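*Asks:* target.cif is the file, holding mmCIF, C-alpha atoms and all ligand atoms:
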```cif
data_data
loop_
_atom_site.label_atom_id
_atom_site.label_comp_id
_atom_site.auth_asym_id
_atom_site.auth_seq_id
_atom_site.Cartn_x
_atom_site.Cartn_y
_atom_site.Cartn_z
CA MET A 1 38.25 51.56 -3.52
CA ARG A 2 36.11 48.55 -4.33
CA ALA A 3 34.07 46.89 -1.60
CA VAL A 4 31.16 44.45 -1.32
CA ALA A 5 28.07 45.80 0.40
CA ILE A 6 24.63 44.44 1.17
CA HIS A 7 22.31 46.00 -1.40
CA THR A 8 19.31 43.87 -0.40
CA PHE A 9 19.13 41.52 2.59
CA GLY A 10 18.30 37.93 1.79
CA LYS A 11 19.86 35.95 -1.04
CA PRO A 12 23.56 36.05 -2.05
CA GLU A 13 22.53 38.04 -5.16
CA GLY A 14 21.70 40.93 -2.82
CA LEU A 15 25.43 41.62 -2.46
CA ALA A 16 26.79 44.37 -4.71
CA ILE A 17 30.20 45.71 -5.67
CA VAL A 18 30.44 49.37 -4.72
CA ASP A 19 33.01 52.10 -5.25
CA LEU A 20 33.76 54.02 -2.08
CA PRO A 21 36.14 56.83 -1.20
CA ASP A 22 39.48 55.53 0.13
CA PRO A 23 39.25 55.41 3.93
CA SER A 24 41.85 57.16 6.04
CA PRO A 25 42.99 55.94 9.45
CA ALA A 26 41.69 57.83 12.48
CA ASP A 27 43.75 58.38 15.64
CA GLY A 28 45.11 55.06 16.84
CA GLN A 29 44.25 53.29 13.59
CA VAL A 30 46.14 51.92 10.62
CA LEU A 31 45.08 51.53 7.00
CA ILE A 32 45.51 48.03 5.57
CA ALA A 33 45.59 47.07 1.88
CA THR A 34 43.85 43.71 2.01
CA GLU A 35 45.47 40.61 0.52
CA ALA A 36 42.98 38.06 1.84
CA ILE A 37 39.46 38.26 3.27
CA GLY A 38 37.85 35.34 5.07
CA VAL A 39 34.27 34.44 4.15
CA GLY A 40 32.48 33.17 7.24
CA GLY A 41 29.17 31.71 8.33
CA VAL A 42 28.44 34.87 10.31
CA ASP A 43 28.68 36.89 7.07
CA ALA A 44 25.97 34.66 5.59
CA VAL A 45 23.76 35.08 8.63
CA ILE A 46 24.06 38.89 8.48
CA ARG A 47 23.46 38.90 4.69
CA SER A 48 20.36 36.74 5.10
CA GLY A 49 18.77 39.50 7.15
CA ILE A 50 18.10 37.32 10.18
CA LEU A 51 20.11 39.80 12.22
CA GLY A 52 18.61 42.81 10.45
CA ALA A 53 16.80 43.81 13.59
CA ARG A 54 20.13 44.07 15.40
CA GLY A 55 21.19 47.19 13.60
CA PHE A 56 22.63 46.17 10.24
CA GLU A 57 21.50 48.39 7.41
CA GLU A 58 21.59 48.23 3.63
CA GLY A 59 25.02 49.38 2.52
CA HIS A 60 26.68 47.36 5.29
CA ILE A 61 30.05 45.96 4.21
CA LEU A 62 30.45 42.34 5.30
CA GLY A 63 33.63 40.66 6.50
CA SER A 64 35.25 40.16 9.87
CA GLU A 65 38.70 38.76 9.20
CA ILE A 66 41.39 40.11 6.89
CA ALA A 67 45.12 39.99 6.29
CA GLY A 68 47.19 42.47 4.32
CA THR A 69 49.84 45.16 4.44
CA VAL A 70 49.73 48.37 6.48
CA THR A 71 49.91 51.34 4.09
CA ALA A 72 49.33 54.31 6.44
CA VAL A 73 48.94 55.12 10.13
CA GLY A 74 46.79 57.61 12.01
CA ASP A 75 47.94 59.97 14.75
CA GLY A 76 49.51 58.29 17.73
CA VAL A 77 50.51 55.14 15.85
CA ASP A 78 54.11 54.00 15.43
CA PRO A 79 54.95 54.71 11.75
CA SER A 80 57.08 51.56 11.63
CA TRP A 81 53.81 49.63 11.13
CA VAL A 82 53.81 50.85 7.50
CA GLY A 83 54.86 48.03 5.19
CA ARG A 84 54.24 45.27 7.77
CA ARG A 85 51.97 42.33 6.95
CA VAL A 86 49.24 41.90 9.55
CA TRP A 87 46.13 39.90 10.49
CA SER A 88 43.12 41.82 11.76
CA PHE A 89 39.67 41.03 13.11
CA THR A 90 37.33 43.79 11.97
CA GLY A 91 34.32 42.80 14.06
CA LEU A 92 31.00 42.29 12.32
CA GLY A 93 31.84 44.16 9.14
CA GLY A 94 34.18 46.20 7.00
CA GLY A 95 36.34 43.37 5.70
CA TYR A 96 35.08 42.82 2.12
CA ALA A 97 37.06 45.78 0.79
CA GLU A 98 40.35 46.65 -0.86
CA GLN A 99 41.26 48.85 2.09
CA VAL A 100 40.33 48.48 5.73
CA THR A 101 41.00 50.59 8.81
CA ALA A 102 41.74 48.88 12.11
CA ALA A 103 42.91 49.85 15.59
CA ALA A 104 46.69 49.42 15.75
CA ALA A 105 46.35 47.86 19.19
CA THR A 106 44.39 44.93 17.72
CA LEU A 107 46.82 43.91 14.96
CA ILE A 108 48.76 40.67 14.85
CA PRO A 109 51.93 40.72 12.71
CA LEU A 110 51.89 37.83 10.23
CA PRO A 111 54.66 35.26 10.58
CA ALA A 112 56.95 35.67 7.56
CA THR A 113 56.23 32.22 6.19
CA LEU A 114 52.42 32.30 6.53
CA SER A 115 50.38 33.46 3.54
CA ALA A 116 47.56 35.96 4.03
CA VAL A 117 45.10 33.36 2.68
CA ASP A 118 46.23 30.79 5.25
CA ALA A 119 46.13 33.39 8.04
CA VAL A 120 42.44 34.24 7.51
CA THR A 121 41.68 30.53 7.28
CA LEU A 122 43.35 29.63 10.56
CA GLY A 123 42.90 32.79 12.61
CA SER A 124 39.45 33.30 14.08
CA SER A 125 38.22 29.73 13.42
CA GLY A 126 41.18 28.41 15.36
CA MET A 127 40.66 30.88 18.18
CA VAL A 128 36.99 29.88 18.53
CA ALA A 129 37.95 26.18 18.41
CA HIS A 130 40.63 26.68 21.07
CA PHE A 131 38.35 28.46 23.52
CA GLY A 132 35.44 26.11 22.73
CA LEU A 133 37.57 23.15 23.84
CA ARG A 134 38.73 25.08 26.87
CA HIS A 135 35.12 25.96 27.76
CA ALA A 136 34.42 22.22 27.67
CA HIS A 137 37.33 21.64 30.11
CA PHE A 138 38.82 19.25 27.59
CA ALA A 139 41.89 17.45 28.94
CA PRO A 140 44.46 15.29 27.12
CA GLY A 141 43.42 11.64 27.06
CA GLU A 142 39.71 12.43 26.81
CA SER A 143 37.49 11.50 23.87
CA VAL A 144 35.92 14.22 21.73
CA LEU A 145 33.07 14.27 19.22
CA VAL A 146 33.02 17.23 16.83
CA ARG A 147 29.54 17.68 15.34
CA GLY A 148 29.64 19.67 12.09
CA ALA A 149 33.36 19.09 11.60
CA ALA A 150 33.59 20.12 7.93
CA GLY A 151 33.40 23.88 8.53
CA GLY A 152 36.17 26.22 9.59
CA ILE A 153 35.56 25.85 13.33
CA GLY A 154 35.11 22.08 13.17
CA ILE A 155 38.27 21.54 11.14
CA MET A 156 40.29 23.51 13.65
CA THR A 157 38.65 21.75 16.62
CA VAL A 158 39.61 18.37 15.14
CA GLN A 159 43.21 19.47 14.68
CA LEU A 160 43.54 21.08 18.11
CA ALA A 161 41.96 18.13 19.94
CA ALA A 162 44.18 15.64 18.12
CA ARG A 163 47.27 17.77 18.71
CA ALA A 164 46.43 18.08 22.42
CA GLY A 165 46.30 14.31 22.86
CA ALA A 166 42.62 13.35 22.66
CA SER A 167 42.14 9.58 23.01
CA ALA A 168 39.62 9.69 20.12
CA VAL A 169 38.37 12.43 17.81
CA ALA A 170 35.07 11.43 16.21
CA VAL A 171 33.44 13.68 13.63
CA THR A 172 30.06 13.99 11.97
CA THR A 173 30.01 14.82 8.28
CA SER A 174 27.79 14.25 5.26
CA SER A 175 30.14 12.33 2.96
CA ALA A 176 32.82 9.66 3.01
CA GLU A 177 35.07 11.95 0.98
CA ARG A 178 34.89 14.64 3.69
CA GLY A 179 35.40 11.97 6.31
CA GLY A 180 38.60 10.91 4.59
CA ARG A 181 39.87 14.46 4.54
CA LEU A 182 39.01 14.90 8.22
CA ARG A 183 40.98 11.74 9.02
CA THR A 184 44.07 13.31 7.49
CA LEU A 185 43.59 16.23 9.92
CA GLY A 186 43.31 14.04 13.02
CA ALA A 187 39.84 12.47 13.09
CA THR A 188 39.88 8.87 14.30
CA HIS A 189 36.21 7.95 13.65
CA VAL A 190 33.80 9.26 11.01
CA LEU A 191 30.07 9.32 11.80
CA ASP A 192 27.16 10.42 9.63
CA ARG A 193 25.16 13.54 10.43
CA ALA A 194 22.91 11.56 12.78
CA GLY A 195 25.96 10.39 14.72
CA ASP A 196 25.67 6.80 13.47
CA GLY A 197 28.32 4.64 11.80
CA GLY A 198 32.01 4.91 12.50
CA GLN A 199 33.63 1.53 12.88
CA ASP A 200 34.74 0.89 16.47
CA ALA A 201 33.65 4.40 17.46
CA PRO A 202 33.49 4.99 21.22
CA SER A 203 30.08 4.34 22.80
CA GLY A 204 30.32 7.67 24.62
CA TYR A 205 32.40 10.84 24.64
CA ASP A 206 33.88 13.02 27.38
CA VAL A 207 33.39 16.16 25.26
CA VAL A 208 30.98 17.00 22.44
CA ILE A 209 31.71 20.20 20.54
CA ASP A 210 28.50 21.00 18.65
CA ILE A 211 28.52 23.45 15.76
CA VAL A 212 25.12 22.27 14.45
CA ALA A 213 22.48 22.29 17.28
CA GLY A 214 18.90 21.93 15.86
CA ALA A 215 16.42 19.12 16.32
CA ALA A 216 19.00 16.36 16.88
CA THR A 217 20.69 18.07 19.84
CA PRO A 218 19.22 15.63 22.46
CA SER A 219 20.56 12.58 20.64
CA PHE A 220 24.08 14.02 20.85
CA LEU A 221 23.64 14.86 24.55
CA ALA A 222 22.88 11.18 24.97
CA LYS A 223 26.36 10.37 23.63
CA LEU A 224 28.08 11.98 26.62
CA ASN A 225 29.91 9.78 29.10
CA PRO A 226 29.20 10.29 32.81
CA ASN A 227 30.60 13.74 33.75
CA GLY A 228 30.73 14.58 30.02
CA ARG A 229 30.47 18.14 28.70
CA MET A 230 28.67 19.31 25.56
CA VAL A 231 29.38 22.82 24.30
CA ALA A 232 27.28 24.50 21.62
CA VAL A 233 29.73 26.60 19.61
CA GLY A 234 27.41 27.18 16.64
CA ALA A 235 23.84 26.54 15.58
CA VAL A 236 23.88 26.04 11.81
CA ALA A 237 20.73 23.87 12.05
CA GLY A 238 18.88 26.29 14.34
CA PHE A 239 17.44 25.88 17.82
CA PRO A 240 17.18 22.58 19.70
CA PRO A 241 13.67 21.28 20.48
CA ALA A 242 11.90 23.14 23.27
CA ASP A 243 11.94 20.08 25.52
CA PHE A 244 15.64 19.36 25.12
CA GLY A 245 16.19 20.03 28.82
CA THR A 246 14.11 16.89 29.43
CA ALA A 247 16.92 14.80 27.91
CA MET A 248 19.36 16.24 30.43
CA ILE A 249 17.16 15.81 33.45
CA SER A 250 16.26 12.26 32.37
CA ALA A 251 19.97 11.44 32.43
CA PHE A 252 20.39 13.16 35.79
CA ARG A 253 22.62 10.43 37.19
CA LYS A 254 25.26 10.97 34.48
CA SER A 255 26.17 14.40 35.92
CA MET A 256 26.58 15.84 32.45
CA SER A 257 26.84 19.48 31.46
CA PHE A 258 25.58 21.54 28.55
CA ALA A 259 26.95 25.00 27.83
CA THR A 260 27.00 27.55 25.07
CA PHE A 261 30.22 29.24 24.07
CA SER A 262 30.70 32.59 22.32
CA ALA A 263 34.12 34.10 21.73
CA ASP A 264 32.50 37.43 22.58
CA THR A 265 32.96 36.47 26.24
CA VAL A 266 36.73 36.02 25.86
CA PRO A 267 38.72 39.19 26.65
CA GLU A 268 40.25 40.62 23.45
CA PRO A 269 43.87 40.39 24.64
CA ASP A 270 43.35 36.67 25.29
CA GLN A 271 41.79 36.22 21.84
CA ARG A 272 44.76 37.96 20.24
CA ALA A 273 47.36 36.02 22.21
CA VAL A 274 45.82 32.69 21.19
CA THR A 275 45.33 33.76 17.56
CA ALA A 276 48.99 34.82 17.38
CA GLU A 277 50.03 31.40 18.75
CA LEU A 278 47.83 29.63 16.20
CA LEU A 279 49.22 31.67 13.29
CA ALA A 280 52.74 30.82 14.49
CA ALA A 281 51.80 27.12 14.70
CA GLY A 282 50.41 27.38 11.16
CA SER A 283 53.64 28.92 9.92
CA ARG A 284 55.57 25.99 11.43
CA GLY A 285 53.29 23.51 9.65
CA GLU A 286 51.78 22.23 12.91
CA LEU A 287 48.26 23.28 11.90
CA HIS A 288 46.82 22.95 8.42
CA PRO A 289 44.67 25.72 6.98
CA VAL A 290 41.98 24.15 4.79
CA VAL A 291 41.22 26.63 2.01
CA HIS A 292 38.22 25.55 -0.03
CA GLU A 293 38.76 28.11 -2.76
CA VAL A 294 40.26 31.55 -3.37
CA LEU A 295 37.97 33.86 -5.34
CA PRO A 296 38.28 37.48 -6.49
CA LEU A 297 36.50 40.03 -4.29
CA GLU A 298 34.07 40.60 -7.18
CA GLN A 299 32.85 37.02 -6.80
CA ALA A 300 31.52 37.43 -3.27
CA VAL A 301 28.07 36.43 -4.56
CA LEU A 302 29.45 33.14 -5.87
CA ALA A 303 31.23 32.57 -2.55
CA HIS A 304 27.97 33.03 -0.67
CA ARG A 305 26.09 30.78 -3.13
CA LYS A 306 28.61 28.02 -2.53
CA MET A 307 28.23 28.40 1.22
CA ALA A 308 24.44 28.34 0.96
CA ALA A 309 24.65 25.16 -1.14
CA GLY A 310 26.75 23.42 1.55
CA GLU A 311 29.63 22.97 -0.91
CA VAL A 312 32.34 24.44 1.25
CA PHE A 313 34.86 22.26 3.11
CA GLY A 314 36.99 24.66 5.11
CA ARG A 315 37.12 28.32 4.15
CA ILE A 316 36.46 30.42 1.05
CA VAL A 317 38.83 33.36 0.84
CA LEU A 318 38.34 36.51 -1.25
CA THR A 319 41.29 38.40 -2.62
CA PRO A 320 41.27 41.82 -4.28
CA SER A 321 44.31 40.92 -6.34
CA GLY A 322 42.45 37.89 -7.74
CA ALA A 323 40.25 40.23 -9.79
N1 LIG B 1 30.99 30.51 19.23
C1 LIG B 1 31.53 31.52 18.58
O1 LIG B 1 32.20 32.40 19.14
C2 LIG B 1 31.33 31.58 17.10
C3 LIG B 1 32.14 32.38 16.30
C4 LIG B 1 31.91 32.39 14.92
C5 LIG B 1 30.89 31.62 14.38
N2 LIG B 1 30.11 30.87 15.21
C6 LIG B 1 29.01 30.03 14.72
O2 LIG B 1 29.59 28.88 14.10
C7 LIG B 1 28.74 28.46 13.04
C8 LIG B 1 29.53 28.45 11.74
O3 LIG B 1 30.70 27.65 11.89
P1 LIG B 1 31.37 26.97 10.64
O4 LIG B 1 31.58 28.01 9.59
O5 LIG B 1 32.50 26.18 11.12
O6 LIG B 1 30.21 25.98 10.22
P2 LIG B 1 29.56 25.63 8.80
O7 LIG B 1 30.61 25.36 7.80
O8 LIG B 1 28.49 26.62 8.49
O9 LIG B 1 28.85 24.25 9.20
C9 LIG B 1 29.62 23.18 9.70
C10 LIG B 1 29.20 21.91 9.04
O10 LIG B 1 27.96 21.46 9.58
C11 LIG B 1 27.35 20.58 8.64
N3 LIG B 1 25.95 20.96 8.55
C12 LIG B 1 25.43 22.04 7.92
N4 LIG B 1 24.10 22.07 8.06
C13 LIG B 1 23.77 20.98 8.79
C14 LIG B 1 22.54 20.44 9.27
N5 LIG B 1 21.37 21.04 8.98
N6 LIG B 1 22.58 19.30 10.00
C15 LIG B 1 23.75 18.68 10.27
N7 LIG B 1 24.95 19.14 9.83
C16 LIG B 1 24.95 20.27 9.11
C17 LIG B 1 28.09 20.75 7.32
O11 LIG B 1 29.00 19.65 7.12
P3 LIG B 1 28.55 18.27 6.43
O12 LIG B 1 27.76 18.62 5.20
O13 LIG B 1 29.84 17.60 6.15
O14 LIG B 1 27.73 17.56 7.48
C18 LIG B 1 28.94 21.99 7.56
O15 LIG B 1 30.14 22.00 6.84
C19 LIG B 1 27.57 29.43 12.98
O16 LIG B 1 26.50 28.89 13.76
C20 LIG B 1 28.16 30.67 13.64
O17 LIG B 1 27.17 31.51 14.19
C21 LIG B 1 30.32 30.82 16.54
#
```
Translate this file's structure into structure tokens.

*Replies:*
Amino acid sequence: MRAVAIHTFGKPEGLAIVDLPDPSPADGQVLIATEAIGVGGVDAVIRSGILGARGFEEGHILGSEIAGTVTAVGDGVDPSWVGRRVWSFTGLGGGYAEQVTAAAATLIPLPATLSAVDAVTLGSSGMVAHFGLRHAHFAPGESVLVRGAAGGIGIMTVQLAARAGASAVAVTTSSAERGGRLRTLGATHVLDRAGDGGQDAPSGYDVVIDIVAGAATPSFLAKLNPNGRMVAVGAVAGFPPADFGTAMISAFRKSMSFATFSADTVPEPDQRAVTAELLAAGSRGELHPVVHEVLPLEQAVLAHRKMAAGEVFGRIVLTPSGA
């Protein structure tokens, strides 16, 4: 089978198409012929080599989210899985391939009316967005600011907050065109990356979901209302300044909170239950998967170049059949 592996850590060009023996499912596993493979920010971080010290080696196959059809089962697995369309989270690798093995216990059957491409666009981004809002104790009627709203997690956070009855959903983004698209998904106010602009935008927010972090983190903490909660869900701009705690202590009397959130701390059954609900909502048209582009598996390098250039609004999806 064809797969995409890291030949050299660093630039997108370090990814290479490889031919590998067809995998076979071990006990408790199924074999899935992939239809759609999500390309995520985590894939880019692993490829860049930043996480090299954490055990990734050359030859590592990227990809954490796939959808496709079960073609075989290992011992101990109900054979009726064969032929069913499923969504699967493969962890920190293994997804950029024509065939993938996965534990049967982790599969989510795809709703009949949801495409594989839409499933890998909604699935894990939506799950992270859901639990990020929950970690922030978001309640209907509260105002939310989504910082870094144009990526997969931000787009889903905007939709979920709007759907849950937020009083305002402000977003930061780098262009008016993106702002317009985010409005169609539920954003009520569009701010620039610094958090400025946005006609009639609230002066403060009950919840800030931050996918960006970096040097400007304190200025977004300052946008919290009294008793407001800011949750760092991502860090695409790197670490906050070392003295960012000063901003919190200076605003002591606002009783605000800062937290990080990683889906790794959510029990897997809970992740699966929420992902299944989100896929069902997507199949009913209640959530909108934003697919930036579908590319053949062979064009994984191009997909990563586009991500590195900041061109992607939503999700790039790879598909073996697109080759
Ligand atoms: N918490 C979890 O469990 C979890 C799970 C998976 C991934 N993650 C993390 O989530 C992040 C990726 O999420 P994603 O794919 O949704 O995000 P993304 O698309 O990589 O970035 C979101 C948006 O942030 C804006 N942005 C990029 N660089 C910026 C900068 N330097 N300053 C200000 N804005 C900037 C861009 O929009 P504009 O150009 O429109 O501003 C971009 O579309 C990573 O940090 C990843 O590690 C977390």

*Asks:* Using Å and a single decimal, report how far CA of Asp210 (chain A) sits from CA of Ala67 (chain A).

*Replies:* 28.1 Å

*Asks:* Please, which residues have at least one atom within 6 Å of an atom of ligand LIG 1 (chain B), using all atoms listed in the file, listed as a PDB file with C-alpha atoms, in the coordinates of the input?

*Replies:*
```
ATOM      1  CA  GLY A  40      32.480  33.170   7.240  1.00  0.00           C
ATOM      2  CA  GLY A  41      29.170  31.710   8.330  1.00  0.00           C
ATOM      3  CA  VAL A  42      28.440  34.870  10.310  1.00  0.00           C
ATOM      4  CA  VAL A 128      36.990  29.880  18.530  1.00  0.00           C
ATOM      5  CA  GLY A 148      29.640  19.670  12.090  1.00  0.00           C
ATOM      6  CA  ALA A 149      33.360  19.090  11.600  1.00  0.00           C
ATOM      7  CA  ALA A 150      33.590  20.120   7.930  1.00  0.00           C
ATOM      8  CA  GLY A 151      33.400  23.880   8.530  1.00  0.00           C
ATOM      9  CA  GLY A 152      36.170  26.220   9.590  1.00  0.00           C
ATOM     10  CA  ILE A 153      35.560  25.850  13.330  1.00  0.00           C
ATOM     11  CA  GLY A 154      35.110  22.080  13.170  1.00  0.00           C
ATOM     12  CA  THR A 173      30.010  14.820   8.280  1.00  0.00           C
ATOM     13  CA  SER A 174      27.790  14.250   5.260  1.00  0.00           C
ATOM     14  CA  ARG A 193      25.160  13.540  10.430  1.00  0.00           C
ATOM     15  CA  ILE A 211      28.520  23.450  15.760  1.00  0.00           C
ATOM     16  CA  VAL A 212      25.120  22.270  14.450  1.00  0.00           C
ATOM     17  CA  VAL A 233      29.730  26.600  19.610  1.00  0.00           C
ATOM     18  CA  GLY A 234      27.410  27.180  16.640  1.00  0.00           C
ATOM     19  CA  ALA A 235      23.840  26.540  15.580  1.00  0.00           C
ATOM     20  CA  VAL A 236      23.880  26.040  11.810  1.00  0.00           C
ATOM     21  CA  ALA A 237      20.730  23.870  12.050  1.00  0.00           C
ATOM     22  CA  PHE A 261      30.220  29.240  24.070  1.00  0.00           C
ATOM     23  CA  SER A 262      30.700  32.590  22.320  1.00  0.00           C
ATOM     24  CA  ALA A 263      34.120  34.100  21.730  1.00  0.00           C
TER      25      ALA A 263
END
```

*Asks:* Nearest to Ala105 (chain A) among A:Ala194, A:Val73, A:Ala33, A:Val290, with distances taken over all atoms listed in the file: which residue is it?

*Replies:* A:Val73

*Asks:* Residues at most 10 Å from Ala44 (chain A), counting all atoms listed in the file, excluding those fewer than 4 positions away in the same chain, as a list of chain:residue names?

*Replies:*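 Residues meeting the cut-off are A:Gly10, A:Lys11, A:Pro12, A:Val39, A:Gly40, A:Ser48, A:Gly49, A:Ile50, A:Leu62, A:Gly63, A:Ala303, A:His304, A:Arg305, A:Met307, A:Ala308.
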
*Asks:* So which one's closest to Arg85 (chain A), A:Ile61, A:Ala273, A:Ala116, A:Val45? Using only C-alpha atoms, please.

*Replies:*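 Between A:Ile61, A:Ala273, A:Ala116, A:Val45, the residue approaching Arg85 (chain A) most closely is A:Ala116.
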
*Asks:* How far is it from CA of Ser175 (chain A) to CA of Thr188 (chain A), in Å with one decimal?

*Replies:*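 Spanning CA of Ser175 (chain A) to CA of Thr188 (chain A) is a straight-line distance of 15.3 Å.
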
*Asks:* How many Å separate CA of Gln29 (chain A) from CA of Asp270 (chain A)?

*Replies:* 20.3 Å

*Asks:* Looking at A:Ala139, A:Ala3, A:Ala119, A:Ala16, which one is nearest to Glu98 (chain A), with distances taken over all atoms listed in the file?

*Replies:*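 Of all the options, A:Ala3 lies closest to Glu98 (chain A).
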
*Asks:* Since the input is missing atoms, can you rebuild all heavy atoms for region 25-32 of chain A and write them as a PDB file, in the coordinates of the input?

*Replies:*
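File produced: result30.pdb:
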```
ATOM      1  N   PRO A  25      42.959  56.419   8.066  1.00  0.00           N
ATOM      2  CA  PRO A  25      42.990  55.940   9.450  1.00  0.00           C
ATOM      3  C   PRO A  25      42.780  57.086  10.442  1.00  0.00           C
ATOM      4  O   PRO A  25      43.386  58.141  10.315  1.00  0.00           O
ATOM      5  CB  PRO A  25      44.386  55.339   9.586  1.00  0.00           C
ATOM      6  CG  PRO A  25      45.210  56.003   8.535  1.00  0.00           C
ATOM      7  CD  PRO A  25      44.288  56.381   7.424  1.00  0.00           C
ATOM      8  N   ALA A  26      41.901  56.842  11.410  1.00  0.00           N
ATOM      9  CA  ALA A  26      41.690  57.830  12.480  1.00  0.00           C
ATOM     10  C   ALA A  26      42.799  57.674  13.517  1.00  0.00           C
ATOM     11  O   ALA A  26      43.682  56.821  13.373  1.00  0.00           O
ATOM     12  CB  ALA A  26      40.320  57.574  13.124  1.00  0.00           C
ATOM     13  N   ASP A  27      42.755  58.487  14.563  1.00  0.00           N
ATOM     14  CA  ASP A  27      43.750  58.380  15.640  1.00  0.00           C
ATOM     15  C   ASP A  27      43.788  56.949  16.147  1.00  0.00           C
ATOM     16  O   ASP A  27      42.737  56.339  16.406  1.00  0.00           O
ATOM     17  CB  ASP A  27      43.370  59.282  16.822  1.00  0.00           C
ATOM     18  CG  ASP A  27      43.452  60.758  16.457  1.00  0.00           C
ATOM     19  OD1 ASP A  27      43.780  61.056  15.292  1.00  0.00           O
ATOM     20  OD2 ASP A  27      43.162  61.579  17.343  1.00  0.00           O
ATOM     21  N   GLY A  28      44.970  56.412  16.291  1.00  0.00           N
ATOM     22  CA  GLY A  28      45.110  55.060  16.840  1.00  0.00           C
ATOM     23  C   GLY A  28      44.884  53.953  15.841  1.00  0.00           C
ATOM     24  O   GLY A  28      45.005  52.781  16.184  1.00  0.00           O
ATOM     25  N   GLN A  29      44.539  54.325  14.596  1.00  0.00           N
ATOM     26  CA  GLN A  29      44.250  53.290  13.590  1.00  0.00           C
ATOM     27  C   GLN A  29      45.353  53.188  12.544  1.00  0.00           C
ATOM     28  O   GLN A  29      46.168  54.092  12.381  1.00  0.00           O
ATOM     29  CB  GLN A  29      42.946  53.629  12.848  1.00  0.00           C
ATOM     30  CG  GLN A  29      41.682  53.435  13.661  1.00  0.00           C
ATOM     31  CD  GLN A  29      40.442  53.618  12.800  1.00  0.00           C
ATOM     32  OE1 GLN A  29      40.446  54.357  11.805  1.00  0.00           O
ATOM     33  NE2 GLN A  29      39.376  52.953  13.182  1.00  0.00           N
ATOM     34  N   VAL A  30      45.296  52.074  11.808  1.00  0.00           N
ATOM     35  CA  VAL A  30      46.140  51.920  10.620  1.00  0.00           C
ATOM     36  C   VAL A  30      45.222  51.681   9.431  1.00  0.00           C
ATOM     37  O   VAL A  30      44.051  51.314   9.589  1.00  0.00           O
ATOM     38  CB  VAL A  30      47.113  50.724  10.752  1.00  0.00           C
ATOM     39  CG1 VAL A  30      48.020  50.887  11.962  1.00  0.00           C
ATOM     40  CG2 VAL A  30      46.360  49.402  10.796  1.00  0.00           C
ATOM     41  N   LEU A  31      45.780  51.890   8.235  1.00  0.00           N
ATOM     42  CA  LEU A  31      45.080  51.530   7.000  1.00  0.00           C
ATOM     43  C   LEU A  31      45.765  50.289   6.437  1.00  0.00           C
ATOM     44  O   LEU A  31      47.004  50.235   6.365  1.00  0.00           O
ATOM     45  CB  LEU A  31      45.154  52.680   5.991  1.00  0.00           C
ATOM     46  CG  LEU A  31      44.392  52.481   4.677  1.00  0.00           C
ATOM     47  CD1 LEU A  31      42.879  52.417   4.930  1.00  0.00           C
ATOM     48  CD2 LEU A  31      44.703  53.628   3.702  1.00  0.00           C
ATOM     49  N   ILE A  32      44.956  49.302   6.061  1.00  0.00           N
ATOM     50  CA  ILE A  32      45.510  48.030   5.570  1.00  0.00           C
ATOM     51  C   ILE A  32      45.025  47.799   4.136  1.00  0.00           C
ATOM     52  O   ILE A  32      43.816  47.872   3.871  1.00  0.00           O
ATOM     53  CB  ILE A  32      45.045  46.849   6.450  1.00  0.00           C
ATOM     54  CG1 ILE A  32      45.467  47.069   7.905  1.00  0.00           C
ATOM     55  CG2 ILE A  32      45.593  45.520   5.920  1.00  0.00           C
ATOM     56  CD1 ILE A  32      44.758  46.147   8.890  1.00  0.00           C
TER      57      ILE A  32
END
```
